[in-house]
Structure formats: structure tokens, C-alpha cells
Amino acid sequence: MLNVGVCVSYGTAVSAHLAQAVPAAPMQAKTVNEIGIVEGRVAQYYWLAIQSIVPETFCFPSRIVKSHQCNASDPFSLCLNYAYGVIEGYVRKMVNNIGLEPSVGSLHEFTGSQTKESLVYDLQEPFRWLGDITTIEAFESGTLDLKDFYFTGDDYSYKIEIEAKRRYLPLRKERFNSGMEYKGKTWNWDTVIQLKTQELAGCLLGEAKEVDFIEPDPESNAGIPIELREKILTITVSEAHKIGISKGTLWHLQKMAALSDCLKIHTKTWKRLFSRIQL
């Protein structure tokens, strides 16, 4: 899943990596194996984008190597694993509450490596970005630093101090409790997970033909790099029309780019801008 909404906040270096990922994404995948190929291709650029904003002192070498993900051989990966575990717990709770069979999924295999809960792993994928952005914010704000971690020689992995974990928890709670508009109401993200699980159950029962995991679409609320601001301001109405951006949306983007250091861009709009803007 291409979490453009996570990375757009963090400037030109990230945008450059994601611009490479966009051409990889439109591949028409019709089987689980083909979906996996697309996911792997996009993930490579996604994690390069994340790596570009993590200070080198944290030795974060992306998340592409499987053994690195499991062993938490750097502080940043350790916090990602912790955040993903929290999301997995939310999803497992909703799956059990609604009465779905956690072992029957679609994308993850029914194997020991997935703890025989493939549906749980499937459902947590659209929400893993919550863990990504919480971890980025923790390190960017100085809430967590190198002094908060220690390395153990027994399993060659990092551990986090208890006090540091207590500082990290409020960030996670704040992110999950952030309001998201969906179907005319404002929900917390843990409630959105419940709603999506219910929608899946309805789909399995024949009450709906599909489940839309694109909506709700988290908006990016980020400072605008100078290069991006200038290029948004120079897009013409005809150019915007060609890439699927309405005149009204373009007017709003250009107004915000001219007047504010903060710009909200829906993920769909951001993808369309990539076809016009190359940073």
C-alpha cells in the first residue's frame, strides 16, 4: 500500500523517492502473486522515502530485508514493530468481536510465519501508516532519542527503556484519537478499524459487493516546500483538467499555497499532482 499521505509531509527528498514509486503502482494485478509483486515494488521506494528523513545516527536501513524487520536491529525499527503490534491488537479485537474467522484471509498466507491469523494481517495493512507517522513524529520531536535505547548482545536487537515507552504511548494515543471524517461523521481511527471490519463482514454476507479501503482518505497537513509551492502556483486550468483535478480544487490548492505554510492534499490529488510536478 502506497502511504503517500504519510510521506508528503516531509519535503523534497521524500517526494523525489515517491515520484519514482508512482510509475510502479498502476500495474494491473489480477492475482495474489501479482499484487505481491506490485506491493514489493512500491514498498522499496516507500521505505527509501522514510529512510531519507530518518537521521543517520539511528542506522535505519529501510524495511526491505525481512530479518531486519523481525530482529529490530535499530531503534527506529523497534518502534515501528511496537506500533504495528498495537494496530494488530486493535484489528484482532475487532475481528473477534464481530465474529470473523481470523485465519481466513486473502493476501497473507495461512502459515506459521503469519501465526495462522492471515485475516488480521490483511486488515491491519491499510492502517499501518498510523504506526509509521507516529514513529516519525516521536523521533522528529525529540520525544525519543538514542539514549532511550540499549542493545542486547544475546539476540542482537535493541530494547527501549520503560520511561521512554511511557513517553511514546501518548503520541500513539493522540494519533489514534485524531478525528477523521467518514460518512458524514467524525470518528477516531480505532472506530474506523471497527467500521471497516464490519463492512468486510457485510460484504462476506452478500450485503455489499465490495469494501473500499481507500476511504476515509487521511489528508496530509504539511509545510509546503518552496519548489512545490511554486509549481502548484504555475499549474494552469487546462493542465489541471488533463490530470483529473477540477478547477475548484486547483483554485483551493493555489490559494492555500499562496497564503499559508500549511496545505491539505488528499492522497488522490497528490498522486495526480505527481504527473505534473517532478521535484
# chains A, B, ... in the order shown; residues from 1 in each chain; ligands from 1

$ residues_around --residues "Leu123 (chain A)" --least-positions-apart "3" --cutoff "12 Å" --atoms "only C-alpha atoms" --output "ChimeraX atom specification"
/A:1,87-95,100,102-108,117-120,126-128,192-201,211-213

$ write_last_selection --atoms "N, CA and C atoms" --output "tab-separated table (two decimals), in the first residue's frame"
chain	number	residue	atom	x	y	z
A	1	MET	N	0.85	-1.19	0.00
A	1	MET	CA	0.00	0.00	0.00
A	1	MET	C	0.88	1.24	0.00
A	87	ILE	N	-1.51	-1.78	16.51
A	87	ILE	CA	-2.53	-1.81	15.46
A	87	ILE	C	-3.06	-3.22	15.28
A	88	GLU	N	-2.17	-4.19	15.30
A	88	GLU	CA	-2.59	-5.60	15.17
A	88	GLU	C	-3.54	-5.98	16.29
A	89	GLY	N	-3.27	-5.48	17.50
A	89	GLY	CA	-4.15	-5.77	18.63
A	89	GLY	C	-5.55	-5.21	18.43
A	90	TYR	N	-5.63	-3.96	17.90
A	90	TYR	CA	-6.93	-3.36	17.60
A	90	TYR	C	-7.69	-4.21	16.59
A	91	VAL	N	-6.99	-4.60	15.51
A	91	VAL	CA	-7.63	-5.35	14.44
A	91	VAL	C	-8.10	-6.71	14.95
A	92	ARG	N	-7.25	-7.40	15.71
A	92	ARG	CA	-7.63	-8.73	16.22
A	92	ARG	C	-8.86	-8.63	17.12
A	93	LYS	N	-8.92	-7.58	17.94
A	93	LYS	CA	-10.07	-7.38	18.81
A	93	LYS	C	-11.35	-7.21	18.00
A	94	MET	N	-11.29	-6.41	16.93
A	94	MET	CA	-12.48	-6.17	16.10
A	94	MET	C	-12.90	-7.43	15.36
A	95	VAL	N	-11.93	-8.17	14.84
A	95	VAL	CA	-12.23	-9.42	14.14
A	95	VAL	C	-12.95	-10.40	15.06
A	100	LEU	N	-15.61	-12.82	12.89
A	100	LEU	CA	-14.95	-13.34	11.70
A	100	LEU	C	-13.89	-14.37	12.09
A	102	PRO	N	-10.29	-15.39	12.09
A	102	PRO	CA	-9.03	-14.66	11.88
A	102	PRO	C	-8.03	-15.38	10.97
A	103	SER	N	-8.20	-16.67	10.78
A	103	SER	CA	-7.22	-17.42	9.99
A	103	SER	C	-7.53	-17.40	8.49
A	104	VAL	N	-8.71	-16.92	8.10
A	104	VAL	CA	-9.11	-16.95	6.69
A	104	VAL	C	-8.98	-15.56	6.08
A	105	GLY	N	-7.84	-15.31	5.48
A	105	GLY	CA	-7.60	-14.04	4.82
A	105	GLY	C	-7.48	-14.21	3.33
A	106	SER	N	-6.97	-13.16	2.68
A	106	SER	CA	-6.86	-13.18	1.22
A	106	SER	C	-5.43	-13.02	0.74
A	107	LEU	N	-4.69	-12.11	1.35
A	107	LEU	CA	-3.35	-11.78	0.85
A	107	LEU	C	-2.24	-12.49	1.61
A	108	HIS	N	-2.38	-12.63	2.91
A	108	HIS	CA	-1.34	-13.29	3.71
A	108	HIS	C	-1.62	-14.79	3.78
A	117	GLU	N	-3.12	-16.22	11.40
A	117	GLU	CA	-4.15	-15.18	11.53
A	117	GLU	C	-4.06	-14.26	10.32
A	118	SER	N	-4.19	-14.85	9.14
A	118	SER	CA	-3.96	-14.08	7.92
A	118	SER	C	-4.96	-12.94	7.75
A	119	LEU	N	-6.20	-13.10	8.20
A	119	LEU	CA	-7.19	-12.02	8.07
A	119	LEU	C	-6.77	-10.81	8.91
A	120	VAL	N	-6.23	-11.06	10.10
A	120	VAL	CA	-5.76	-9.98	10.95
A	120	VAL	C	-4.66	-9.18	10.24
A	126	PRO	N	-4.08	-1.52	5.74
A	126	PRO	CA	-4.46	-0.14	5.42
A	126	PRO	C	-4.22	0.85	6.56
A	127	PHE	N	-3.89	0.35	7.75
A	127	PHE	CA	-3.75	1.24	8.91
A	127	PHE	C	-2.31	1.28	9.46
A	128	ARG	N	-1.41	0.58	8.80
A	128	ARG	CA	-0.02	0.56	9.29
A	128	ARG	C	0.63	1.95	9.24
A	192	VAL	N	-12.75	3.61	13.19
A	192	VAL	CA	-12.70	3.37	11.75
A	192	VAL	C	-12.31	1.92	11.47
A	193	ILE	N	-11.35	1.39	12.24
A	193	ILE	CA	-10.96	-0.01	12.09
A	193	ILE	C	-12.16	-0.92	12.33
A	194	GLN	N	-12.95	-0.60	13.35
A	194	GLN	CA	-14.16	-1.39	13.64
A	194	GLN	C	-15.15	-1.30	12.48
A	195	LEU	N	-15.36	-0.09	11.95
A	195	LEU	CA	-16.31	0.09	10.85
A	195	LEU	C	-15.88	-0.69	9.62
A	196	LYS	N	-14.60	-0.67	9.30
A	196	LYS	CA	-14.12	-1.38	8.13
A	196	LYS	C	-14.24	-2.90	8.30
A	197	THR	N	-14.03	-3.36	9.51
A	197	THR	CA	-14.20	-4.79	9.77
A	197	THR	C	-15.66	-5.18	9.62
A	198	GLN	N	-16.56	-4.33	10.09
A	198	GLN	CA	-17.99	-4.57	9.92
A	198	GLN	C	-18.38	-4.56	8.44
A	199	GLU	N	-17.81	-3.63	7.67
A	199	GLU	CA	-18.09	-3.56	6.24
A	199	GLU	C	-17.62	-4.83	5.53
A	200	LEU	N	-16.47	-5.36	5.95
A	200	LEU	CA	-15.98	-6.61	5.37
A	200	LEU	C	-16.94	-7.74	5.67
A	201	ALA	N	-17.41	-7.80	6.91
A	201	ALA	CA	-18.37	-8.84	7.28
A	201	ALA	C	-19.63	-8.74	6.43
A	211	VAL	N	-15.58	-3.71	-0.49
A	211	VAL	CA	-15.19	-2.89	0.65
A	211	VAL	C	-14.15	-1.89	0.17
A	212	ASP	N	-14.39	-0.61	0.42
A	212	ASP	CA	-13.49	0.44	-0.02
A	212	ASP	C	-12.51	0.77	1.11
A	213	PHE	N	-11.24	0.35	0.94
A	213	PHE	CA	-10.23	0.62	1.95
A	213	PHE	C	-9.45	1.90	1.65

$ residues_around --residues "Pro75 (chain A)" --least-positions-apart "5" --cutoff "8 Å" --atoms "only C-alpha atoms" --output "NGL selection string"
:A and (58 or 60 or 146 or 149 or 158-160)

$ select_by_dssp --residues "region 82-233 of chain A" --states "strand (DSSP E or B)" --output "ChimeraX atom specification"
/A:149-152,157-160,180-182,185-187,220-223

$ closest_atom_pairs --of "region 84-106 of chain A" --to "region 161-175 of chain A" --cutoff "12 Å" --atoms "only C-alpha atoms" --output "tab-separated table"
residue	atom	partner	partner_atom	distance
A:Tyr84	CA	A:Arg172	CA	10.7
A:Gly85	CA	A:Arg172	CA	11.7
A:Val86	CA	A:Arg172	CA	8.9
A:Ile87	CA	A:Arg172	CA	10.0

$ atom_distance --atom1 "CA of Trp47 (chain A)" --atom2 "CA of Pro61 (chain A)"
8.8 Å

$ closest_residue --among "A:Gly99, A:Gly131, A:Gly36, A:Gly202" --to "Ala83 (chain A)" --atoms "only C-alpha atoms"
A:Gly131
